[in-house]
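Containing mmCIF, C-alpha atoms: structure.cif.
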data_coords
#
loop_
_atom_site.label_atom_id
_atom_site.label_comp_id
_atom_site.auth_asym_id
_atom_site.auth_seq_id
_atom_site.Cartn_x
_atom_site.Cartn_y
_atom_site.Cartn_z
CA MET A 1 0.46 -19.38 11.29
CA GLU A 2 0.53 -21.44 14.47
CA ALA A 3 -1.11 -24.83 14.65
CA SER A 4 -4.08 -24.94 16.98
CA ASP A 5 -4.31 -27.36 19.86
CA ASP A 6 -6.50 -30.40 19.37
CA THR A 7 -9.76 -29.60 21.09
CA GLU A 8 -13.29 -30.76 20.61
CA GLU A 9 -14.31 -27.38 19.15
CA PRO A 10 -12.63 -26.58 15.83
CA PRO A 11 -10.77 -23.22 15.81
CA LEU A 12 -12.89 -20.29 14.69
CA PRO A 13 -12.11 -19.48 11.07
CA LEU A 14 -10.08 -16.37 10.37
CA ALA A 15 -9.62 -14.90 13.84
CA LEU A 16 -8.12 -11.52 12.84
CA THR A 17 -5.45 -11.47 15.56
CA ARG A 18 -3.87 -14.62 14.05
CA PHE A 19 -2.99 -12.47 11.04
CA GLN A 20 -1.80 -9.29 12.81
CA ILE A 21 -5.05 -7.57 11.81
CA SER A 22 -6.66 -5.16 14.26
CA GLU A 23 -10.39 -5.19 15.01
CA GLU A 24 -10.22 -1.38 15.22
CA PHE A 25 -7.61 -0.48 12.58
CA GLY A 26 -7.76 -3.36 10.09
CA PHE A 27 -4.47 -3.67 8.18
CA LEU A 28 -3.15 -0.35 9.55
CA LEU A 29 -0.40 -0.71 12.14
CA PRO A 30 -2.15 0.39 15.36
CA ASP A 31 -0.59 3.61 16.72
CA PRO A 32 2.86 3.25 15.10
CA LEU A 33 6.02 4.35 16.90
CA THR A 34 7.39 7.73 15.83
CA GLU A 35 10.96 7.45 17.16
CA LEU A 36 13.58 4.71 17.08
CA PRO A 37 15.85 3.89 20.05
CA ALA A 38 18.86 6.16 20.65
CA PRO A 39 21.44 4.09 18.71
CA TYR A 40 19.50 4.89 15.52
CA GLY A 41 19.76 8.66 15.93
CA PRO A 42 21.88 9.00 12.74
CA TRP A 43 19.01 7.54 10.66
CA MET A 44 16.39 9.70 12.36
CA ASP A 45 18.52 12.85 11.93
CA VAL A 46 18.62 12.26 8.17
CA VAL A 47 14.99 11.24 7.78
CA HIS A 48 13.63 14.25 9.68
CA GLU A 49 15.33 16.54 7.14
CA LEU A 50 14.56 14.35 4.13
CA PRO A 51 12.57 16.75 1.86
CA GLN A 52 15.11 19.55 2.35
CA LEU A 53 18.10 17.24 1.84
CA ILE A 54 16.60 15.91 -1.41
CA THR A 55 15.62 19.27 -2.90
CA SER A 56 19.01 20.79 -1.98
CA HIS A 57 20.82 17.78 -3.58
CA GLN A 58 22.55 16.96 -0.28
CA LEU A 59 20.97 13.62 0.66
CA ARG A 60 23.46 11.39 -1.13
CA SER A 61 26.45 13.02 0.55
CA ARG A 62 24.69 12.81 3.95
CA VAL A 63 24.00 9.10 3.40
CA HIS A 64 27.67 8.50 2.58
CA GLN A 65 28.56 10.03 5.96
CA MET A 66 26.13 7.82 7.94
CA PRO A 67 27.70 5.13 10.14
CA GLN A 68 26.76 1.53 9.35
CA LEU A 69 24.50 0.61 12.24
CA SER A 70 23.71 -2.85 13.52
CA THR A 71 20.04 -3.80 13.52
CA GLN A 72 20.40 -5.94 16.66
CA HIS A 73 19.01 -3.22 18.96
CA LEU A 74 15.64 -3.20 17.18
CA ARG A 75 13.01 -4.93 19.29
CA GLY A 76 9.53 -5.97 18.26
CA ARG A 77 7.32 -5.43 15.24
CA GLU A 78 6.71 -1.69 15.83
CA GLU A 79 10.41 -0.79 15.93
CA LEU A 80 11.10 -2.93 12.86
CA HIS A 81 8.24 -1.30 10.93
CA LEU A 82 9.48 2.20 11.77
CA ALA A 83 13.05 1.25 10.83
CA HIS A 84 11.77 -0.14 7.52
CA LEU A 85 9.78 3.04 6.82
CA VAL A 86 12.80 5.23 7.67
CA LEU A 87 15.25 3.23 5.54
CA SER A 88 12.72 2.96 2.69
CA CYS A 89 12.23 6.72 2.51
CA ILE A 90 15.97 7.43 2.71
CA THR A 91 16.50 4.88 -0.08
CA MET A 92 13.84 6.42 -2.35
CA GLY A 93 15.35 9.85 -1.79
CA TYR A 94 18.87 8.53 -2.44
CA VAL A 95 17.90 6.81 -5.69
CA TRP A 96 15.69 9.57 -7.11
CA GLN A 97 17.39 12.72 -5.72
CA GLU A 98 18.52 13.83 -9.20
CA GLY A 99 15.36 12.72 -11.01
CA GLU A 100 15.02 9.89 -13.48
CA GLU A 101 18.07 10.93 -15.51
CA GLY A 102 20.44 10.97 -12.53
CA THR A 103 19.73 7.61 -10.91
CA VAL A 104 22.36 5.47 -9.18
CA GLN A 105 23.24 1.84 -9.78
CA VAL A 106 24.42 1.04 -6.24
CA LEU A 107 22.82 1.57 -2.84
CA PRO A 108 25.74 2.05 -0.43
CA ARG A 109 26.53 -0.65 2.11
CA ASN A 110 25.79 1.48 5.21
CA LEU A 111 22.18 1.84 3.98
CA ALA A 112 21.74 -1.41 2.03
CA VAL A 113 22.88 -3.91 4.68
CA PRO A 114 20.68 -2.77 7.60
CA TYR A 115 17.80 -2.20 5.17
CA TRP A 116 18.11 -5.77 3.92
CA GLU A 117 18.26 -7.15 7.48
CA VAL A 118 15.14 -5.26 8.60
CA SER A 119 13.35 -6.32 5.41
CA GLN A 120 14.21 -9.97 6.03
CA ALA A 121 12.99 -9.73 9.64
CA LEU A 122 9.62 -8.35 8.49
CA GLY A 123 9.28 -10.46 5.35
CA LEU A 124 8.99 -7.28 3.26
CA PRO A 125 11.02 -6.31 0.17
CA PRO A 126 13.74 -3.63 0.51
CA ILE A 127 11.75 -0.85 -1.18
CA LEU A 128 9.08 1.63 -0.09
CA SER A 129 5.70 -0.12 -0.25
CA HIS A 130 2.08 0.53 0.75
CA ALA A 131 2.80 -1.33 4.01
CA ASP A 132 5.39 1.32 4.91
CA PHE A 133 4.18 4.58 3.45
CA VAL A 134 0.51 4.22 4.44
CA LEU A 135 -0.04 1.44 6.98
CA ALA A 136 2.88 2.36 9.26
CA ASN A 137 3.27 6.10 8.55
CA TRP A 138 0.64 7.87 10.64
CA ARG A 139 0.21 9.49 14.00
CA ARG A 140 -2.52 11.39 15.81
CA LYS A 141 -1.79 15.06 16.57
CA ASP A 142 -3.99 14.78 19.66
CA PRO A 143 -3.40 11.24 21.00
CA ASN A 144 -6.95 11.14 22.34
CA GLY A 145 -8.52 12.70 19.25
CA PRO A 146 -10.34 10.96 16.39
CA LEU A 147 -8.85 9.16 13.40
CA GLU A 148 -9.79 11.98 11.05
CA ILE A 149 -7.59 13.84 8.61
CA GLU A 150 -7.55 17.07 10.66
CA ASN A 151 -6.09 15.14 13.60
CA LEU A 152 -3.62 13.06 11.58
CA ASP A 153 -0.10 13.56 10.29
CA THR A 154 2.56 11.44 8.62
CA ILE A 155 5.59 10.30 10.62
CA ILE A 156 8.05 10.50 7.70
CA THR A 157 7.63 12.65 4.62
CA LEU A 158 9.21 13.13 1.19
CA PRO A 159 9.09 16.13 -1.19
CA GLY A 160 5.55 17.25 -2.02
CA GLY A 161 4.52 19.20 1.07
CA GLU A 162 0.80 19.23 1.89
CA SER A 163 -0.08 17.22 -1.23
CA LEU A 164 2.20 14.38 -0.14
CA ARG A 165 0.72 14.45 3.34
CA GLY A 166 -2.78 14.47 1.84
CA PHE A 167 -1.97 11.55 -0.47
CA VAL A 168 -0.79 9.35 2.42
CA LEU A 169 -3.60 10.32 4.80
CA VAL A 170 -6.46 10.01 2.30
CA THR A 171 -5.15 6.56 1.36
CA LEU A 172 -5.04 5.75 5.07
CA LEU A 173 -8.69 6.85 5.45
CA VAL A 174 -9.64 4.46 2.62
CA GLU A 175 -7.97 1.67 4.62
CA LYS A 176 -9.80 2.77 7.77
CA ALA A 177 -13.15 2.84 5.94
CA ALA A 178 -12.54 -0.80 4.95
CA VAL A 179 -12.33 -2.06 8.55
CA PRO A 180 -16.03 -2.99 8.98
CA GLY A 181 -15.71 -4.90 5.69
CA ILE A 182 -12.70 -6.85 6.99
CA ARG A 183 -14.67 -7.83 10.11
CA ALA A 184 -17.61 -8.74 7.85
CA ILE A 185 -15.44 -11.26 5.94
CA VAL A 186 -14.87 -13.19 9.15
CA ARG A 187 -18.57 -13.06 10.07
CA ALA A 188 -19.68 -14.10 6.58
CA LEU A 189 -17.44 -17.18 6.43
CA ARG A 190 -18.45 -18.20 9.94
CA ALA A 191 -22.14 -17.75 9.06
CA ILE A 192 -21.76 -20.03 6.01
CA LEU A 193 -20.27 -22.78 8.18
CA GLN A 194 -23.10 -22.36 10.68
CA CYS A 195 -25.78 -22.12 7.96
CA ASP A 196 -26.88 -18.82 9.52
CA GLU A 197 -28.60 -16.92 6.70
CA GLU A 198 -29.54 -13.93 8.86
CA THR A 199 -25.95 -13.28 9.99
CA LEU A 200 -24.62 -13.84 6.47
CA HIS A 201 -27.08 -11.33 5.02
CA ARG A 202 -26.10 -8.75 7.63
CA ALA A 203 -22.37 -9.37 7.01
CA LEU A 204 -22.82 -8.83 3.26
CA GLN A 205 -24.68 -5.56 3.90
CA GLU A 206 -21.82 -4.44 6.17
CA LEU A 207 -19.27 -5.36 3.50
CA ALA A 208 -21.12 -3.40 0.81
CA GLY A 209 -21.41 -0.41 3.15
CA ALA A 210 -17.67 -0.51 3.86
CA ILE A 211 -16.78 -0.56 0.15
CA GLU A 212 -19.14 2.38 -0.46
CA ALA A 213 -17.44 4.25 2.41
CA MET A 214 -14.03 3.52 0.87
CA ARG A 215 -15.13 5.15 -2.38
CA GLU A 216 -16.33 8.19 -0.46
CA ALA A 217 -13.00 8.41 1.41
CA LEU A 218 -11.06 8.15 -1.88
CA GLY A 219 -12.99 11.17 -3.17
CA ARG A 220 -11.20 13.34 -0.59
CA MET A 221 -8.07 13.05 -2.75
CA HIS A 222 -9.47 15.99 -4.77
CA ASP A 223 -9.47 18.19 -1.65
CA TYR A 224 -5.99 17.39 -0.40
CA VAL A 225 -3.75 16.49 -3.36
CA ASP A 226 -2.72 18.82 -6.20
CA PRO A 227 -2.45 16.78 -9.45
CA GLU A 228 0.52 18.75 -10.74
CA VAL A 229 2.46 18.32 -7.49
CA PHE A 230 1.57 14.62 -7.40
CA TYR A 231 2.75 14.00 -10.95
CA THR A 232 5.81 16.23 -11.17
CA VAL A 233 7.15 15.97 -7.60
CA ILE A 234 5.71 13.08 -5.57
CA ARG A 235 5.27 10.24 -8.01
CA ILE A 236 8.91 9.56 -8.78
CA PHE A 237 9.63 8.83 -5.11
CA LEU A 238 7.02 6.06 -5.17
CA SER A 239 8.61 4.50 -8.28
CA GLY A 240 10.59 1.29 -8.20
CA TRP A 241 13.35 -0.31 -10.22
CA LYS A 242 11.42 -3.08 -11.90
CA ASP A 243 9.71 -2.46 -15.26
CA ASN A 244 10.94 1.14 -15.10
CA PRO A 245 12.83 2.45 -18.17
CA ALA A 246 14.66 4.95 -15.96
CA MET A 247 16.35 2.04 -14.10
CA PRO A 248 16.33 -0.85 -16.57
CA HIS A 249 18.99 -2.88 -14.71
CA GLY A 250 17.60 -2.59 -11.18
CA LEU A 251 19.72 -1.64 -8.15
CA ILE A 252 22.75 -3.26 -6.52
CA TYR A 253 22.37 -3.47 -2.73
CA GLU A 254 26.05 -3.21 -1.75
CA GLY A 255 27.11 -5.82 0.81
CA VAL A 256 23.97 -7.86 0.08
CA SER A 257 24.29 -8.96 -3.54
CA GLN A 258 26.74 -8.31 -6.36
CA GLU A 259 23.90 -8.66 -8.85
CA PRO A 260 21.30 -5.90 -9.25
CA MET A 261 17.85 -6.58 -7.82
CA ALA A 262 14.57 -5.27 -9.22
CA TYR A 263 11.57 -4.32 -7.07
CA SER A 264 8.29 -2.67 -7.97
CA GLY A 265 7.36 0.71 -6.53
CA GLY A 266 4.38 1.44 -4.31
CA SER A 267 0.99 0.57 -5.74
CA ALA A 268 -2.64 0.48 -4.63
CA ALA A 269 -2.46 -3.18 -5.74
CA GLN A 270 -0.32 -3.78 -2.62
CA SER A 271 -3.31 -3.02 -0.37
CA THR A 272 -4.48 -6.29 1.19
CA VAL A 273 -8.06 -5.01 1.45
CA LEU A 274 -9.04 -5.39 -2.20
CA HIS A 275 -7.33 -8.79 -2.49
CA ALA A 276 -9.35 -10.01 0.50
CA PHE A 277 -12.63 -8.71 -0.96
CA ASP A 278 -11.86 -10.25 -4.37
CA GLU A 279 -11.17 -13.66 -2.82
CA LEU A 280 -14.33 -13.56 -0.70
CA LEU A 281 -16.53 -12.57 -3.64
CA GLY A 282 -14.88 -15.07 -6.00
CA ILE A 283 -13.72 -12.41 -8.49
CA CYS A 284 -11.52 -14.02 -11.18
CA HIS A 285 -9.20 -11.59 -12.94
CA ARG A 286 -7.68 -12.21 -16.38
CA GLU A 287 -4.34 -13.97 -16.52
CA ASP A 288 -1.96 -11.01 -16.94
CA SER A 289 -3.79 -8.82 -14.40
CA ALA A 290 -4.03 -11.73 -11.95
CA ALA A 291 -0.29 -12.36 -12.33
CA PHE A 292 0.53 -8.73 -11.48
CA LEU A 293 -1.85 -8.78 -8.47
CA HIS A 294 -0.31 -12.00 -7.17
CA ARG A 295 3.17 -10.49 -7.49
CA MET A 296 2.00 -7.48 -5.47
CA ARG A 297 1.14 -9.84 -2.58
CA ASN A 298 4.89 -10.22 -2.04
CA TYR A 299 4.88 -6.56 -0.95
CA MET A 300 2.39 -7.18 1.89
CA PRO A 301 3.35 -8.16 5.45
CA PRO A 302 3.36 -11.99 5.38
CA PRO A 303 0.53 -12.37 7.95
CA HIS A 304 -1.74 -10.17 5.77
CA ARG A 305 -0.85 -12.23 2.72
CA ALA A 306 -1.68 -15.38 4.71
CA PHE A 307 -5.11 -13.91 5.52
CA VAL A 308 -5.89 -13.53 1.80
CA GLU A 309 -4.71 -17.08 1.14
CA GLU A 310 -6.91 -18.39 3.94
CA ILE A 311 -9.97 -16.70 2.40
CA GLN A 312 -9.00 -18.24 -0.94
CA ARG A 313 -9.04 -21.71 0.67
CA ALA A 314 -12.29 -21.13 2.55
CA VAL A 315 -15.75 -22.28 1.53
CA SER A 316 -17.06 -20.42 -1.56
CA LEU A 317 -19.40 -17.58 -0.66
CA LYS A 318 -20.65 -17.33 -4.24
CA GLN A 319 -21.49 -21.05 -4.43
CA HIS A 320 -23.25 -20.87 -1.08
CA VAL A 321 -25.38 -17.91 -2.21
CA LEU A 322 -26.23 -19.66 -5.49
CA SER A 323 -27.15 -22.95 -3.85
CA SER A 324 -29.19 -21.25 -1.12
CA GLY A 325 -31.60 -19.85 -3.71
CA ALA A 326 -32.26 -16.95 -1.31
CA ALA A 327 -33.11 -13.81 -3.28
CA ARG A 328 -32.03 -11.46 -0.48
CA LEU A 329 -28.61 -13.13 -0.22
CA ARG A 330 -28.17 -12.82 -3.98
CA ALA A 331 -29.17 -9.12 -3.82
CA ALA A 332 -26.76 -8.47 -0.93
CA PHE A 333 -23.95 -10.31 -2.72
CA ASN A 334 -24.56 -8.31 -5.89
CA ARG A 335 -24.56 -5.07 -3.92
CA CYS A 336 -21.03 -5.95 -2.73
CA VAL A 337 -19.85 -6.69 -6.28
CA SER A 338 -21.51 -3.54 -7.59
CA ALA A 339 -19.88 -1.42 -4.86
CA LEU A 340 -16.47 -2.92 -5.65
CA THR A 341 -17.00 -2.24 -9.38
CA ASP A 342 -17.95 1.37 -8.61
CA PHE A 343 -14.88 1.76 -6.39
CA ARG A 344 -12.64 0.54 -9.20
CA SER A 345 -14.34 2.81 -11.73
CA TYR A 346 -13.80 5.75 -9.41
CA HIS A 347 -10.15 4.80 -8.97
CA ILE A 348 -9.81 5.02 -12.78
CA THR A 349 -11.29 8.55 -12.62
CA ILE A 350 -8.70 9.53 -9.98
CA VAL A 351 -5.83 8.02 -11.97
CA THR A 352 -7.01 9.86 -15.11
CA LYS A 353 -6.83 13.18 -13.26
CA TYR A 354 -3.59 12.57 -11.36
CA ILE A 355 -1.60 10.74 -14.03
CA THR A 356 -3.01 10.99 -17.57
CA ILE A 357 -4.12 14.63 -17.55
CA ALA A 358 -1.18 15.64 -15.33
CA ALA A 359 1.23 13.81 -17.68
CA ALA A 360 -0.19 15.64 -20.70
CA ARG A 361 0.29 18.97 -18.90
CA ALA A 362 3.83 18.05 -17.89
CA LYS A 363 4.60 17.03 -21.48
CA ALA A 364 3.31 20.36 -22.73
CA GLY A 365 5.31 22.09 -20.00
CA ARG A 366 8.53 20.34 -21.04
CA ALA A 367 8.26 22.08 -24.38
CA GLU A 368 8.37 25.44 -22.61
CA PRO A 369 11.55 26.91 -21.14
CA SER A 370 9.74 27.77 -17.91
CA ALA A 371 8.69 24.15 -17.31
CA ARG A 372 7.64 23.22 -13.79
CA ALA A 373 10.65 21.59 -12.18
CA GLY A 374 10.66 17.94 -11.22
CA PRO A 375 11.94 16.34 -7.99
CA SER A 376 14.97 18.52 -7.43
CA GLY A 377 14.98 21.15 -10.11
CA GLY A 378 15.19 18.82 -13.10
CA LYS A 379 12.43 18.29 -15.61
CA PRO A 380 9.18 16.51 -14.76
CA PRO A 381 9.45 12.71 -15.00
CA SER A 382 8.41 10.93 -18.17
CA ALA A 383 9.56 7.29 -17.77
CA LEU A 384 6.26 6.17 -16.26
CA GLU A 385 3.80 8.27 -18.25
CA ALA A 386 1.68 5.24 -19.20
CA LYS A 387 2.56 3.06 -16.22
CA GLY A 388 1.72 2.89 -12.54
CA THR A 389 4.48 3.23 -9.94
CA GLY A 390 4.18 -0.53 -9.46
CA GLY A 391 5.16 -0.96 -13.12
CA SER A 392 1.80 -2.04 -14.57
CA HIS A 393 0.38 -0.62 -17.80
CA ILE A 394 -2.01 1.34 -15.72
CA PHE A 395 -5.18 1.84 -17.77
CA SER A 396 -5.38 -1.57 -19.39
CA PHE A 397 -4.78 -3.07 -15.93
CA LEU A 398 -7.33 -0.95 -14.04
CA LYS A 399 -10.01 -1.37 -16.69
CA SER A 400 -9.41 -5.11 -16.84
CA ILE A 401 -9.83 -5.61 -13.09
CA ARG A 402 -12.87 -3.31 -13.04
CA ASP A 403 -14.51 -5.29 -15.87
CA THR A 404 -13.78 -8.69 -14.33
CA THR A 405 -15.17 -7.43 -11.03
CA ARG A 406 -18.44 -6.50 -12.77
CA GLU A 407 -18.54 -9.99 -14.32
CA GLY A 408 -18.66 -11.41 -10.79
CA MET A 409 -22.34 -10.43 -10.40
CA ILE A 410 -24.84 -13.26 -9.96
CA SER A 411 -27.47 -12.96 -12.68
CA ALA A 412 -31.11 -13.39 -11.64
#
Starting from the coordinates I provided, produce the structure as structure tokens.
Amino acid sequence: MEASDDTEEPPLPLALTRFQISEEFGFLLPDPLTELPAPYGPWMDVVHELPQLITSHQLRSRVHQMPQLSTQHLRGREELHLAHLVLSCITMGYVWQEGEEGTVQVLPRNLAVPYWEVSQALGLPPILSHADFVLANWRRKDPNGPLEIENLDTIITLPGGESLRGFVLVTLLVEKAAVPGIRAIVRALRAILQCDEETLHRALQELAGAIEAMREALGRMHDYVDPEVFYTVIRIFLSGWKDNPAMPHGLIYEGVSQEPMAYSGGSAAQSTVLHAFDELLGICHREDSAAFLHRMRNYMPPPHRAFVEEIQRAVSLKQHVLSSGAARLRAAFNRCVSALTDFRSYHITIVTKYITIAAARAKAGRAEPSARAGPSGGKPPSALEAKGTGGSHIFSFLKSIRDTTREGMISA
């Protein structure tokens, strides 16, 4: 974060552009690049065939044939983000190609070294995260068309076909629905400093409306993602090598470290949106849940993480509402907390369908000789039956943060 010049007027709090946040797209990378410069053709050749290479068990041999490329030709944030997405997806495919019983202990140097360099340049960990797979993995089919699912596609894909595409794009639409709420954070904090009750009330109404729209967007998961495909095919490729019994020792990044390193897989807890809303509304999560959430901030682009920290340091919205004694501010604040509680309850419903029920079906299927095959013809995964891909004990975690959100209401 750059220091501001000394002027008579103090800098406006939380100008979004200071944190690489778009007024139009929020935390999404605006119009990501879809191709890397020519020297990186070998990476793009592999990544464009990724699902087929994984399911035909050929990805690992193709990776071993890749030249080790220098990252010095990558210019600017957009090229770095695409390179990180490409290398992340190749890595997930490489590690999980043979399912959870055929994992590797070493990521080869020609993949690990450039991946590490790009990760360091972006301040992101060398694993597929929400910042890659959702925020930087979308394109419009018609460049002038709307940001709606019919006009959207992923840039890079993994096994899972239409369900994988639906999973990424519905998650992206949840992020897009949050954008008015992100703008409302800035307006709300500014209104507190200016003692402008009218603007603050309006900002809180906009925030509540955005959270309600996010819940509605999340509901489209039912239309676009098959639970069985998500659980038996997709989910393993979002899994990491921290707190995962299938890879208890982590992964050695050859040419980077001789010791194995452990990173969590992709998780909704890596979305900056909910962290920002929690900090604004003064939601205090219980110690173990809070510790996991704070660890997930290390998987966000550093400017987005800095935005959350800035909200944390800002004047307390809750204290301001309480001390104002204004009934309409209290009602608007509580509508925000209620909407966030409802969103988290609905997320539990989704997780129940896509993980718990799907896991029970997969378990039953494993007992039958005609079991539905897992990632590349093996059996469906079982290592994370009770955990999220980020490594949390999923239900105790989700219920805990939902309950502590509800406790954030201001009683009359």
Once the PyMOL selection byres ((chain A and resi 322) around 12) has been evaluated on this model, what residues remain selected, and can you format them as a CSV table (one decimal) with C-alpha atoms, in the coordinates of the input?
chain,number,residue,atom,x,y,z
A,316,SER,CA,-17.1,-20.4,-1.6
A,317,LEU,CA,-19.4,-17.6,-0.7
A,318,LYS,CA,-20.6,-17.3,-4.2
A,319,GLN,CA,-21.5,-21.0,-4.4
A,320,HIS,CA,-23.2,-20.9,-1.1
A,321,VAL,CA,-25.4,-17.9,-2.2
A,323,SER,CA,-27.2,-23.0,-3.8
A,324,SER,CA,-29.2,-21.2,-1.1
A,325,GLY,CA,-31.6,-19.8,-3.7
A,326,ALA,CA,-32.3,-17.0,-1.3
A,327,ALA,CA,-33.1,-13.8,-3.3
A,328,ARG,CA,-32.0,-11.5,-0.5
A,329,LEU,CA,-28.6,-13.1,-0.2
A,330,ARG,CA,-28.2,-12.8,-4.0
A,331,ALA,CA,-29.2,-9.1,-3.8
A,333,PHE,CA,-24.0,-10.3,-2.7
A,334,ASN,CA,-24.6,-8.3,-5.9
A,409,MET,CA,-22.3,-10.4,-10.4
A,410,ILE,CA,-24.8,-13.3,-10.0
A,411,SER,CA,-27.5,-13.0,-12.7
A,412,ALA,CA,-31.1,-13.4,-11.6
Closest pair table for region 59-122 of chain A residues within 9 Å of region 158-168 of chain A, all atoms listed in the file, as a tab-separated table:
residue	atom	partner	partner_atom	distance
A:Cys89	CA	A:Leu158	CA	7.2
A:Ile90	CA	A:Leu158	CA	9.0
A:Met92	CA	A:Leu158	CA	8.9
A:Gly93	CA	A:Leu158	CA	7.6
- Task: Identify, on the basis of only C-alpha atoms, every residue whose closest approach to region 33-38 of chain A does not exceed 9 Å; exclude the query and any residue fewer than 3 positions from it along the same chain; express the result as a PyMOL selection string.
- Result: chain A and resi 41-44+73-74+78-79+81-83+136-139+155-156
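CA of Ile236 (chain A) sits 10.5 Å away from CA of Glu98 (chain A).
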- Specify as a VMD selection string each residue included when the PyMOL selection byres ((chain A and resi 57) around 12) is applied to this file. chain A and resid 50 to 56 58 to 63 93 to 99 102 375 to 378
Same residues, C-alpha atoms, saved as a PDB file, keeping the file's coordinate frame:
ATOM      1  CA  LEU A  50      14.560  14.350   4.130  1.00  0.00           C
ATOM      2  CA  PRO A  51      12.570  16.750   1.860  1.00  0.00           C
ATOM      3  CA  GLN A  52      15.110  19.550   2.350  1.00  0.00           C
ATOM      4  CA  LEU A  53      18.100  17.240   1.840  1.00  0.00           C
ATOM      5  CA  ILE A  54      16.600  15.910  -1.410  1.00  0.00           C
ATOM      6  CA  THR A  55      15.620  19.270  -2.900  1.00  0.00           C
ATOM      7  CA  SER A  56      19.010  20.790  -1.980  1.00  0.00           C
ATOM      8  CA  GLN A  58      22.550  16.960  -0.280  1.00  0.00           C
ATOM      9  CA  LEU A  59      20.970  13.620   0.660  1.00  0.00           C
ATOM     10  CA  ARG A  60      23.460  11.390  -1.130  1.00  0.00           C
ATOM     11  CA  SER A  61      26.450  13.020   0.550  1.00  0.00           C
ATOM     12  CA  ARG A  62      24.690  12.810   3.950  1.00  0.00           C
ATOM     13  CA  VAL A  63      24.000   9.100   3.400  1.00  0.00           C
ATOM     14  CA  GLY A  93      15.350   9.850  -1.790  1.00  0.00           C
ATOM     15  CA  TYR A  94      18.870   8.530  -2.440  1.00  0.00           C
ATOM     16  CA  VAL A  95      17.900   6.810  -5.690  1.00  0.00           C
ATOM     17  CA  TRP A  96      15.690   9.570  -7.110  1.00  0.00           C
ATOM     18  CA  GLN A  97      17.390  12.720  -5.720  1.00  0.00           C
ATOM     19  CA  GLU A  98      18.520  13.830  -9.200  1.00  0.00           C
ATOM     20  CA  GLY A  99      15.360  12.720 -11.010  1.00  0.00           C
ATOM     21  CA  GLY A 102      20.440  10.970 -12.530  1.00  0.00           C
ATOM     22  CA  PRO A 375      11.940  16.340  -7.990  1.00  0.00           C
ATOM     23  CA  SER A 376      14.970  18.520  -7.430  1.00  0.00           C
ATOM     24  CA  GLY A 377      14.980  21.150 -10.110  1.00  0.00           C
ATOM     25  CA  GLY A 378      15.190  18.820 -13.100  1.00  0.00           C
TER      26      GLY A 378
END
- Evaluating the PyMOL selection byres ((chain A and resi 219) around 10) on the displayed file yields which residues, as JSON, numbers by chain? {"A": [170, 174, 213, 214, 215, 216, 217, 218, 220, 221, 222, 223, 224, 346, 347, 349, 350]}
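Closest approach to Ile211 (chain A) from the set A:Val186, A:Ala246, A:Ala15, A:Ala178 is made by A:Ala178, with distances taken over only C-alpha atoms.
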- Extract, using all atoms listed in the file, all DNA, RNA and protein residues at most 10 Å from region 114-118 of chain A, discarding same-chain residues fewer than 2 positions from it, and format them as a ChimeraX atom specification. /A:68-72,74,79-88,91,109-112,120-127,253,255-256
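Going from CA of Leu293 (chain A) over to CA of His275 (chain A), you cover 8.1 Å.
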- Do you have the CA of His294 (chain A)-CA of Gly265 (chain A) distance handy?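 Rounded to one decimal, the two atoms are 14.9 Å apart.
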- Rank nothing, just name the residue among A:Ala208, A:Val179, A:Met300, A:Ile149 nearest to Phe133 (chain A), using only C-alpha atoms.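 Among the listed residues, the smallest separation from Phe133 (chain A) belongs to A:Met300.
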Could you list, with a cut-off of 12 Å and counting all atoms listed in the file, the residues of region 297-327 of chain A near region 23-28 of chain A, each shown with its nearest atom pair and the distance in Å rounded to one decimal, rows sorted by chain and ascending number, as a tab-separated table?
residue	atom	partner	partner_atom	distance
A:Met300	CA	A:Phe27	CA	9.9
A:Pro301	CA	A:Phe27	CA	9.4
A:Pro302	CA	A:Phe27	CA	11.8
A:Pro303	CA	A:Phe27	CA	10.0
A:His304	CA	A:Phe27	CA	7.5
A:Arg305	CA	A:Phe27	CA	10.8
A:Phe307	CA	A:Phe27	CA	10.6
A:Val308	CA	A:Phe27	CA	11.8
Generate a file of the selected residues that holds C-alpha atoms, formatted as a PDB file, in the frame of the given file.
ATOM      1  CA  MET A 300       2.390  -7.180   1.890  1.00  0.00           C
ATOM      2  CA  PRO A 301       3.350  -8.160   5.450  1.00  0.00           C
ATOM      3  CA  PRO A 302       3.360 -11.990   5.380  1.00  0.00           C
ATOM      4  CA  PRO A 303       0.530 -12.370   7.950  1.00  0.00           C
ATOM      5  CA  HIS A 304      -1.740 -10.170   5.770  1.00  0.00           C
ATOM      6  CA  ARG A 305      -0.850 -12.230   2.720  1.00  0.00           C
ATOM      7  CA  PHE A 307      -5.110 -13.910   5.520  1.00  0.00           C
ATOM      8  CA  VAL A 308      -5.890 -13.530   1.800  1.00  0.00           C
TER       9      VAL A 308
END
